[in-house]
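Chemist: My structure file final33.pdb, PDB, C-alpha atoms, is below:
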ATOM      1  CA  MET A   1     111.058  66.476  99.346
ATOM      2  CA  ALA A   2     108.355  69.063  98.678
ATOM      3  CA  THR A   3     107.452  69.782  95.067
ATOM      4  CA  ALA A   4     108.341  73.261  93.855
ATOM      5  CA  ARG A   5     105.288  75.506  93.604
ATOM      6  CA  SER A   6     106.108  76.295  89.965
ATOM      7  CA  ARG A   7     105.701  72.587  89.182
ATOM      8  CA  GLN A   8     102.406  72.332  91.065
ATOM      9  CA  VAL A   9     100.760  75.228  89.225
ATOM     10  CA  SER A  10     100.448  75.051  85.440
ATOM     11  CA  LEU A  11      97.904  77.434  83.947
ATOM     12  CA  VAL A  12      98.232  75.584  80.643
ATOM     13  CA  ASP A  13      96.675  72.505  82.255
ATOM     14  CA  THR A  14      94.096  74.231  84.481
ATOM     15  CA  LYS A  15      93.292  77.570  86.051
ATOM     16  CA  TYR A  16      91.442  76.043  89.038
ATOM     17  CA  TYR A  17      93.269  75.150  92.268
ATOM     18  CA  HIS A  18      92.258  73.905  95.703
ATOM     19  CA  CYS A  19      94.449  75.503  98.390
ATOM     20  CA  ILE A  20      94.664  74.347 102.017
ATOM     21  CA  SER A  21      96.430  76.146 104.871
ATOM     22  CA  ARG A  22      96.868  74.602 108.317
ATOM     23  CA  CYS A  23      97.871  76.109 111.656
ATOM     24  CA  VAL A  24     100.870  74.899 113.656
ATOM     25  CA  ARG A  25     101.704  74.709 117.408
ATOM     26  CA  ARG A  26      98.147  73.470 118.111
ATOM     27  CA  ALA A  27      97.135  77.004 117.207
ATOM     28  CA  PHE A  28      93.488  77.737 116.723
ATOM     29  CA  LEU A  29      92.434  79.743 113.731
ATOM     30  CA  CYS A  30      88.789  79.794 114.771
ATOM     31  CA  GLY A  31      86.385  77.951 117.026
ATOM     32  CA  GLU A  32      86.999  77.176 120.695
ATOM     33  CA  ASP A  33      90.118  75.728 122.304
ATOM     34  CA  LYS A  34      88.841  72.893 124.509
ATOM     35  CA  VAL A  35      91.982  73.032 126.667
ATOM     36  CA  THR A  36      91.809  76.724 127.594
ATOM     37  CA  GLY A  37      88.136  77.333 126.858
ATOM     38  CA  LYS A  38      89.066  80.446 124.876
ATOM     39  CA  SER A  39      87.013  81.271 121.800
ATOM     40  CA  TYR A  40      88.624  82.316 118.542
ATOM     41  CA  GLU A  41      85.403  82.381 116.573
ATOM     42  CA  HIS A  42      85.875  86.025 115.578
ATOM     43  CA  ARG A  43      88.901  85.077 113.466
ATOM     44  CA  ARG A  44      86.635  83.506 110.860
ATOM     45  CA  GLY A  45      85.623  87.026 109.946
ATOM     46  CA  TRP A  46      89.276  88.049 109.591
ATOM     47  CA  VAL A  47      89.869  85.368 106.985
ATOM     48  CA  GLU A  48      86.657  85.947 105.070
ATOM     49  CA  GLU A  49      87.098  89.719 104.960
ATOM     50  CA  LYS A  50      90.725  89.515 103.826
ATOM     51  CA  LEU A  51      89.971  86.808 101.276
ATOM     52  CA  LEU A  52      87.206  88.795  99.600
ATOM     53  CA  GLN A  53      89.318  91.948  99.715
ATOM     54  CA  LEU A  54      92.195  90.234  97.913
ATOM     55  CA  ALA A  55      89.825  88.926  95.251
ATOM     56  CA  LYS A  56      89.211  92.566  94.280
ATOM     57  CA  VAL A  57      92.937  93.260  94.023
ATOM     58  CA  PHE A  58      94.314  90.130  92.387
ATOM     59  CA  CYS A  59      93.235  88.713  89.051
ATOM     60  CA  ILE A  60      92.170  85.597  90.928
ATOM     61  CA  ASP A  61      88.555  84.642  91.629
ATOM     62  CA  VAL A  62      87.416  82.884  94.792
ATOM     63  CA  CYS A  63      85.111  80.032  93.752
ATOM     64  CA  ALA A  64      84.575  78.492  97.188
ATOM     65  CA  TYR A  65      86.002  78.633 100.690
ATOM     66  CA  ALA A  66      85.470  77.225 104.155
ATOM     67  CA  VAL A  67      87.109  78.590 107.301
ATOM     68  CA  MET A  68      87.530  75.718 109.756
ATOM     69  CA  SER A  69      88.879  75.597 113.336
ATOM     70  CA  ASN A  70      92.545  75.129 112.405
ATOM     71  CA  HIS A  71      92.667  75.227 108.598
ATOM     72  CA  THR A  72      91.139  76.834 105.524
ATOM     73  CA  HIS A  73      89.943  75.443 102.210
ATOM     74  CA  ILE A  74      89.920  77.803  99.232
ATOM     75  CA  VAL A  75      89.166  77.086  95.566
ATOM     76  CA  LEU A  76      90.723  79.675  93.277
ATOM     77  CA  TYR A  77      90.467  80.487  89.568
ATOM     78  CA  VAL A  78      93.461  82.274  88.059
ATOM     79  CA  ASP A  79      92.377  84.808  85.427
ATOM     80  CA  ASP A  80      95.790  85.444  83.885
ATOM     81  CA  LYS A  81      94.201  86.780  80.695
ATOM     82  CA  LYS A  82      92.576  89.540  82.727
ATOM     83  CA  ALA A  83      95.971  90.469  84.175
ATOM     84  CA  LYS A  84      97.386  90.768  80.663
ATOM     85  CA  ARG A  85      94.490  92.997  79.550
ATOM     86  CA  LEU A  86      94.784  95.492  82.404
ATOM     87  CA  THR A  87      96.364  98.841  81.595
ATOM     88  CA  ASP A  88      99.584  99.884  83.297
ATOM     89  CA  LYS A  89      97.648 102.351  85.430
ATOM     90  CA  ALA A  90      95.122  99.699  86.460
ATOM     91  CA  ILE A  91      97.925  97.363  87.513
ATOM     92  CA  ILE A  92      99.499 100.020  89.745
ATOM     93  CA  ILE A  93      96.154 101.067  91.249
ATOM     94  CA  ARG A  94      95.402  97.454  92.172
ATOM     95  CA  TRP A  95      98.888  96.961  93.605
ATOM     96  CA  HIS A  96      98.620 100.110  95.732
ATOM     97  CA  LYS A  97      95.375  98.851  97.282
ATOM     98  CA  GLN A  98      97.329  96.128  99.037
ATOM     99  CA  PHE A  99     101.007  97.137  98.929
ATOM    100  CA  LYS A 100     102.909 100.390  99.399
ATOM    101  CA  GLY A 101     104.503 100.416  95.967
ATOM    102  CA  THR A 102     107.616 102.507  95.301
ATOM    103  CA  TRP A 103     108.372 106.190  94.824
ATOM    104  CA  LEU A 104     108.351 105.483  91.095
ATOM    105  CA  THR A 105     104.902 103.880  91.004
ATOM    106  CA  HIS A 106     103.489 106.785  93.014
ATOM    107  CA  LYS A 107     105.182 109.247  90.689
ATOM    108  CA  PHE A 108     103.566 107.483  87.731
ATOM    109  CA  ILE A 109     100.093 107.440  89.322
ATOM    110  CA  ASN A 110     100.393 111.142  90.184
ATOM    111  CA  GLY A 111     100.950 111.910  86.509
ATOM    112  CA  GLU A 112     104.470 113.266  86.962
ATOM    113  CA  SER A 113     106.829 113.144  83.998
ATOM    114  CA  LEU A 114     109.354 110.291  83.961
ATOM    115  CA  THR A 115     112.853 110.149  82.539
ATOM    116  CA  ASN A 116     113.788 107.405  80.076
ATOM    117  CA  SER A 117     115.615 105.460  82.778
ATOM    118  CA  GLU A 118     112.628 105.787  85.101
ATOM    119  CA  ARG A 119     110.343 104.473  82.374
ATOM    120  CA  CYS A 120     112.584 101.445  81.950
ATOM    121  CA  LEU A 121     112.481 100.778  85.691
ATOM    122  CA  LEU A 122     108.721 101.268  85.737
ATOM    123  CA  SER A 123     108.312  98.814  82.873
ATOM    124  CA  GLU A 124     110.170  96.165  84.873
ATOM    125  CA  LEU A 125     108.020  96.834  87.943
ATOM    126  CA  LEU A 126     104.823  96.648  85.909
ATOM    127  CA  GLU A 127     105.777  93.276  84.473
ATOM    128  CA  LYS A 128     106.567  92.009  87.963
ATOM    129  CA  TYR A 129     103.294  93.290  89.435
ATOM    130  CA  ARG A 130     101.257  91.986  86.500
ATOM    131  CA  THR A 131     102.703  88.513  87.049
ATOM    132  CA  ARG A 132     102.180  88.622  90.810
ATOM    133  CA  LEU A 133      98.531  89.682  90.492
ATOM    134  CA  ALA A 134      97.855  86.368  88.749
ATOM    135  CA  ASP A 135     100.037  84.289  91.079
ATOM    136  CA  ILE A 136      98.420  81.915  93.586
ATOM    137  CA  SER A 137     101.517  81.927  95.786
ATOM    138  CA  TRP A 138     101.380  85.710  96.149
ATOM    139  CA  PHE A 139      97.639  85.585  96.828
ATOM    140  CA  MET A 140      97.947  82.952  99.560
ATOM    141  CA  ARG A 141     101.080  84.518 101.017
ATOM    142  CA  THR A 142      99.346  87.878 101.351
ATOM    143  CA  LEU A 143      96.283  86.284 102.941
ATOM    144  CA  ASN A 144      98.165  84.090 105.398
ATOM    145  CA  GLU A 145     100.752  86.686 106.449
ATOM    146  CA  ASP A 146      98.027  89.151 107.399
ATOM    147  CA  ILE A 147      96.093  86.582 109.448
ATOM    148  CA  ALA A 148      99.292  85.323 111.117
ATOM    149  CA  ARG A 149     100.305  88.826 112.209
ATOM    150  CA  LYS A 150      96.865  89.498 113.692
ATOM    151  CA  ALA A 151      96.711  86.125 115.472
ATOM    152  CA  ASN A 152     100.246  86.410 116.884
ATOM    153  CA  ARG A 153      99.523  89.917 118.105
ATOM    154  CA  GLU A 154      96.326  88.737 119.772
ATOM    155  CA  ASP A 155      98.078  85.682 121.276
ATOM    156  CA  GLY A 156     101.029  87.771 122.439
ATOM    157  CA  CYS A 157     103.616  85.565 120.744
ATOM    158  CA  THR A 158     105.881  85.330 117.712
ATOM    159  CA  GLY A 159     106.855  82.605 115.277
ATOM    160  CA  ARG A 160     104.977  80.582 112.718
ATOM    161  CA  PHE A 161     101.213  80.502 112.817
ATOM    162  CA  TRP A 162     100.791  78.478 109.596
ATOM    163  CA  GLU A 163     102.621  75.436 108.319
ATOM    164  CA  GLY A 164     105.579  76.303 106.085
ATOM    165  CA  ARG A 165     103.596  76.249 102.853
ATOM    166  CA  PHE A 166      99.981  75.977 101.840
ATOM    167  CA  LYS A 167      99.018  72.838  99.928
ATOM    168  CA  SER A 168      97.862  73.267  96.345
ATOM    169  CA  GLN A 169      95.883  70.748  94.300
ATOM    170  CA  ALA A 170      95.229  71.274  90.582
ATOM    171  CA  LEU A 171      91.625  70.618  89.505
ATOM    172  CA  LEU A 172      92.165  69.279  86.013
ATOM    173  CA  ASP A 173      88.600  68.805  84.732
ATOM    174  CA  GLU A 174      84.975  69.687  85.440
ATOM    175  CA  ALA A 175      84.392  66.518  87.464
ATOM    176  CA  ALA A 176      87.343  67.290  89.744
ATOM    177  CA  LEU A 177      86.183  70.894  90.129
ATOM    178  CA  ALA A 178      82.593  69.899  90.965
ATOM    179  CA  ALA A 179      83.760  67.290  93.485
ATOM    180  CA  CYS A 180      86.118  69.748  95.156
ATOM    181  CA  LEU A 181      83.486  72.490  95.377
ATOM    182  CA  ALA A 182      81.104  70.034  97.034
ATOM    183  CA  TYR A 183      83.859  68.859  99.391
ATOM    184  CA  VAL A 184      84.653  72.411 100.491
ATOM    185  CA  ASP A 185      80.980  73.339 100.943
ATOM    186  CA  LEU A 186      80.342  70.220 103.051
ATOM    187  CA  ASN A 187      83.348  70.659 105.357
ATOM    188  CA  PRO A 188      81.377  72.541 108.053
ATOM    189  CA  VAL A 189      78.659  69.883 107.887
ATOM    190  CA  ARG A 190      81.148  67.051 108.379
ATOM    191  CA  ALA A 191      82.711  68.994 111.260
ATOM    192  CA  LYS A 192      79.203  69.446 112.750
ATOM    193  CA  ILE A 193      79.552  73.222 112.706
ATOM    194  CA  ALA A 194      76.371  73.444 110.632
ATOM    195  CA  GLU A 195      73.580  71.074 109.665
ATOM    196  CA  THR A 196      73.465  72.148 106.017
ATOM    197  CA  PRO A 197      75.758  74.121 103.661
ATOM    198  CA  GLU A 198      73.116  76.851 103.523
ATOM    199  CA  GLU A 199      73.420  77.351 107.290
ATOM    200  CA  SER A 200      77.220  77.565 107.240
ATOM    201  CA  ASP A 201      78.799  80.917 108.055
ATOM    202  CA  HIS A 202      82.098  82.021 106.525
ATOM    203  CA  THR A 203      81.773  79.721 103.530
TER     204      THR A 203
END
Let me see the file written as structure tokens.

Modeler:
Amino acid sequence: MATARSRQVSLVDTKYYHCISRCVRRAFLCGEDKVTGKSYEHRRGWVEEKLLQLAKVFCIDVCAYAVMSNHTHIVLYVDDKKAKRLTDKAIIIRWHKQFKGTWLTHKFINGESLTNSERCLLSELLEKYRTRLADISWFMRTLNEDIARKANREDGCTGRFWEGRFKSQALLDEAALAACLAYVDLNPVRAKIAETPEESDHT
């Protein structure tokens, strides 16, 4: 049985996590499909662009990443203290960069007066958004859903593009973090995509 995500992520123990997402149905994220000869190399840019975009929205830093042919490696640092420091307005502005928000959040951002009941509702939304902006599951879900929609549209099909859940590994000390960063950086070298980490694209 899979371990609940809430039990895999404990910010008390560490704020660094290694996340891995894999494609299903022999789907290709990037690279070239040797069976059909079709190239999906351009999708590396999709992942990299979306990943760096989300890092500006969420209170989560991207420490390392490698976009491989059918999976991704990402090392994330959760800055939950930053999320707690952000003003209510800053939280909503960040949320609106990626999500539509609600009529109430737009009313708040536009500086319109709110009733007491609306303020109570807004307070609940703010707490929810503040938590989500420092949530690895929300970060990875947002990243993977966007890539899956684009890939399915390009492939002319529906259904799952990724495995059911991404894998998450807690990096509990500096040695584990350093080893994981090196592992992620060297992935393209081991896969013979590049000769050195410095020559690797989309890492």

Chemist: Near stretch 97-102 of chain A, within 9 Å and counting all atoms listed in the file, which residues show up once chain neighbours fewer than 6 positions away are dropped, as a compact mmCIF listing (two decimals) with C-alpha atoms, keeping the file's coordinate frame?

Modeler:
# COMPACT_ATOMS: atom_id res chain seq x y z
CA LEU A 54 92.20 90.23 97.91
CA VAL A 57 92.94 93.26 94.02
CA THR A 142 99.35 87.88 101.35

Chemist: Return as a list in words the set of residues that the PyMOL selection byres ((chain A and resi 174-182) around 9) yields on the displayed structure.

Modeler: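 Those residues are Tyr16, Tyr17, His18, Cys63, Ala64, Tyr65, Val75, Ala170, Leu171, Leu172, Asp173, Tyr183, Val184, Asp185, Leu186 and Asn187 of chain A.
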
Chemist: Write a file of the just-selected residues containing C-alpha atoms, as a compact mmCIF listing (two decimals), in the frame of the given file.

Modeler:
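The resulting result_22.txt:
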# COMPACT_ATOMS: atom_id res chain seq x y z
CA TYR A 16 91.44 76.04 89.04
CA TYR A 17 93.27 75.15 92.27
CA HIS A 18 92.26 73.90 95.70
CA CYS A 63 85.11 80.03 93.75
CA ALA A 64 84.58 78.49 97.19
CA TYR A 65 86.00 78.63 100.69
CA VAL A 75 89.17 77.09 95.57
CA ALA A 170 95.23 71.27 90.58
CA LEU A 171 91.62 70.62 89.50
CA LEU A 172 92.16 69.28 86.01
CA ASP A 173 88.60 68.81 84.73
CA TYR A 183 83.86 68.86 99.39
CA VAL A 184 84.65 72.41 100.49
CA ASP A 185 80.98 73.34 100.94
CA LEU A 186 80.34 70.22 103.05
CA ASN A 187 83.35 70.66 105.36

Chemist: Starting from the shown file, work through the PyMOL selection byres ((chain A and resi 83-86) around 12) and note down what comes out as a list in words.

Modeler: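 With the shown file as input, the PyMOL selection byres ((chain A and resi 83-86) around 12) matches Val57, Phe58, Cys59, Ile60, Val78, Asp79, Asp80, Lys81, Lys82, Thr87, Asp88, Lys89, Ala90, Ile91, Ile92, Ile93, Arg94, Trp95, Leu126, Glu127, Lys128, Tyr129, Arg130, Thr131, Arg132, Leu133, Ala134 and Asp135 of chain A.
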
Chemist: Need to verify the contact set: A:Ile147, 8 Å, only C-alpha atoms, exclusion of same-chain residues closer than 4 positions in sequence. Can you return it as a list in words?

Modeler: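 Those residues are Trp46, Val47, Leu143 and Ala151 of chain A.
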
Chemist: Figure out the distance between atom CA of A:Thr158 and atom CA of A:Ala66, please, to one decimal in Å.

Modeler: 25.8 Å

Chemist: Determine the residue set returned by the PyMOL selection byres ((chain A and resi 160-163) around 8) for the present structure, and present it as a VMD selection string.

Modeler: chain A and resid 21 to 25 27 144 148 151 to 152 158 to 159 164 to 166

Chemist: So, with all atoms listed in the file as the atoms that count, which of A:Met68, A:Val35, A:Gly111, A:Ile136 lies closest to A:Arg190?

Modeler: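 Looking only at the distances to A:Arg190, the closest residue turns out to be A:Met68.
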
Chemist: Tell me, as a list in words, which residues lie within 9 Å of A:Phe108, counting all atoms listed in the file; anything in the same chain fewer than 4 positions away does not count.

Modeler: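 Result of the neighbour search: Lys89, Ile92, Trp103, Leu104, Glu112, Ser113, Leu114 and Leu122 of chain A.
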
Chemist: Using only C-alpha atoms, find the one residue out of A:Asp201, A:Ser137, A:Val9, A:Ser123 that sits nearest to A:His42.

Modeler: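 Closest to A:His42 of all the choices is A:Asp201.
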
Chemist: State, in Å with one decimal place, the distance from atom CA of A:His96 to atom CA of A:Ala55.

Modeler: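 Between atom CA of A:His96 and atom CA of A:Ala55 the gap works out to 14.2 Å.
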
Chemist: Could you jot down the atom CA of A:His106 to atom CA of A:Glu145 separation for me, Å, one decimal place?

Modeler: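 We find that atom CA of A:His106 and atom CA of A:Glu145 lie 24.3 Å from each other.
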
Chemist: With distances taken over all atoms listed in the file, which of A:Glu41, A:Asp61, A:Tyr77, A:Ser69 is nearest to A:Leu11?

Modeler: A:Tyr77

Chemist: A:Asn70, A:Arg119, A:Trp138, A:Leu125: which is nearest A:Asp33, counting all atoms listed in the file?

Modeler: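 The shortest atom-to-atom distance to A:Asp33 comes from A:Asn70.
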
Chemist: Find, counting only C-alpha atoms, the residue in A:Glu154, A:Arg43, A:Thr203, A:Asn116 that gets nearest to A:Val62.

Modeler: A:Thr203
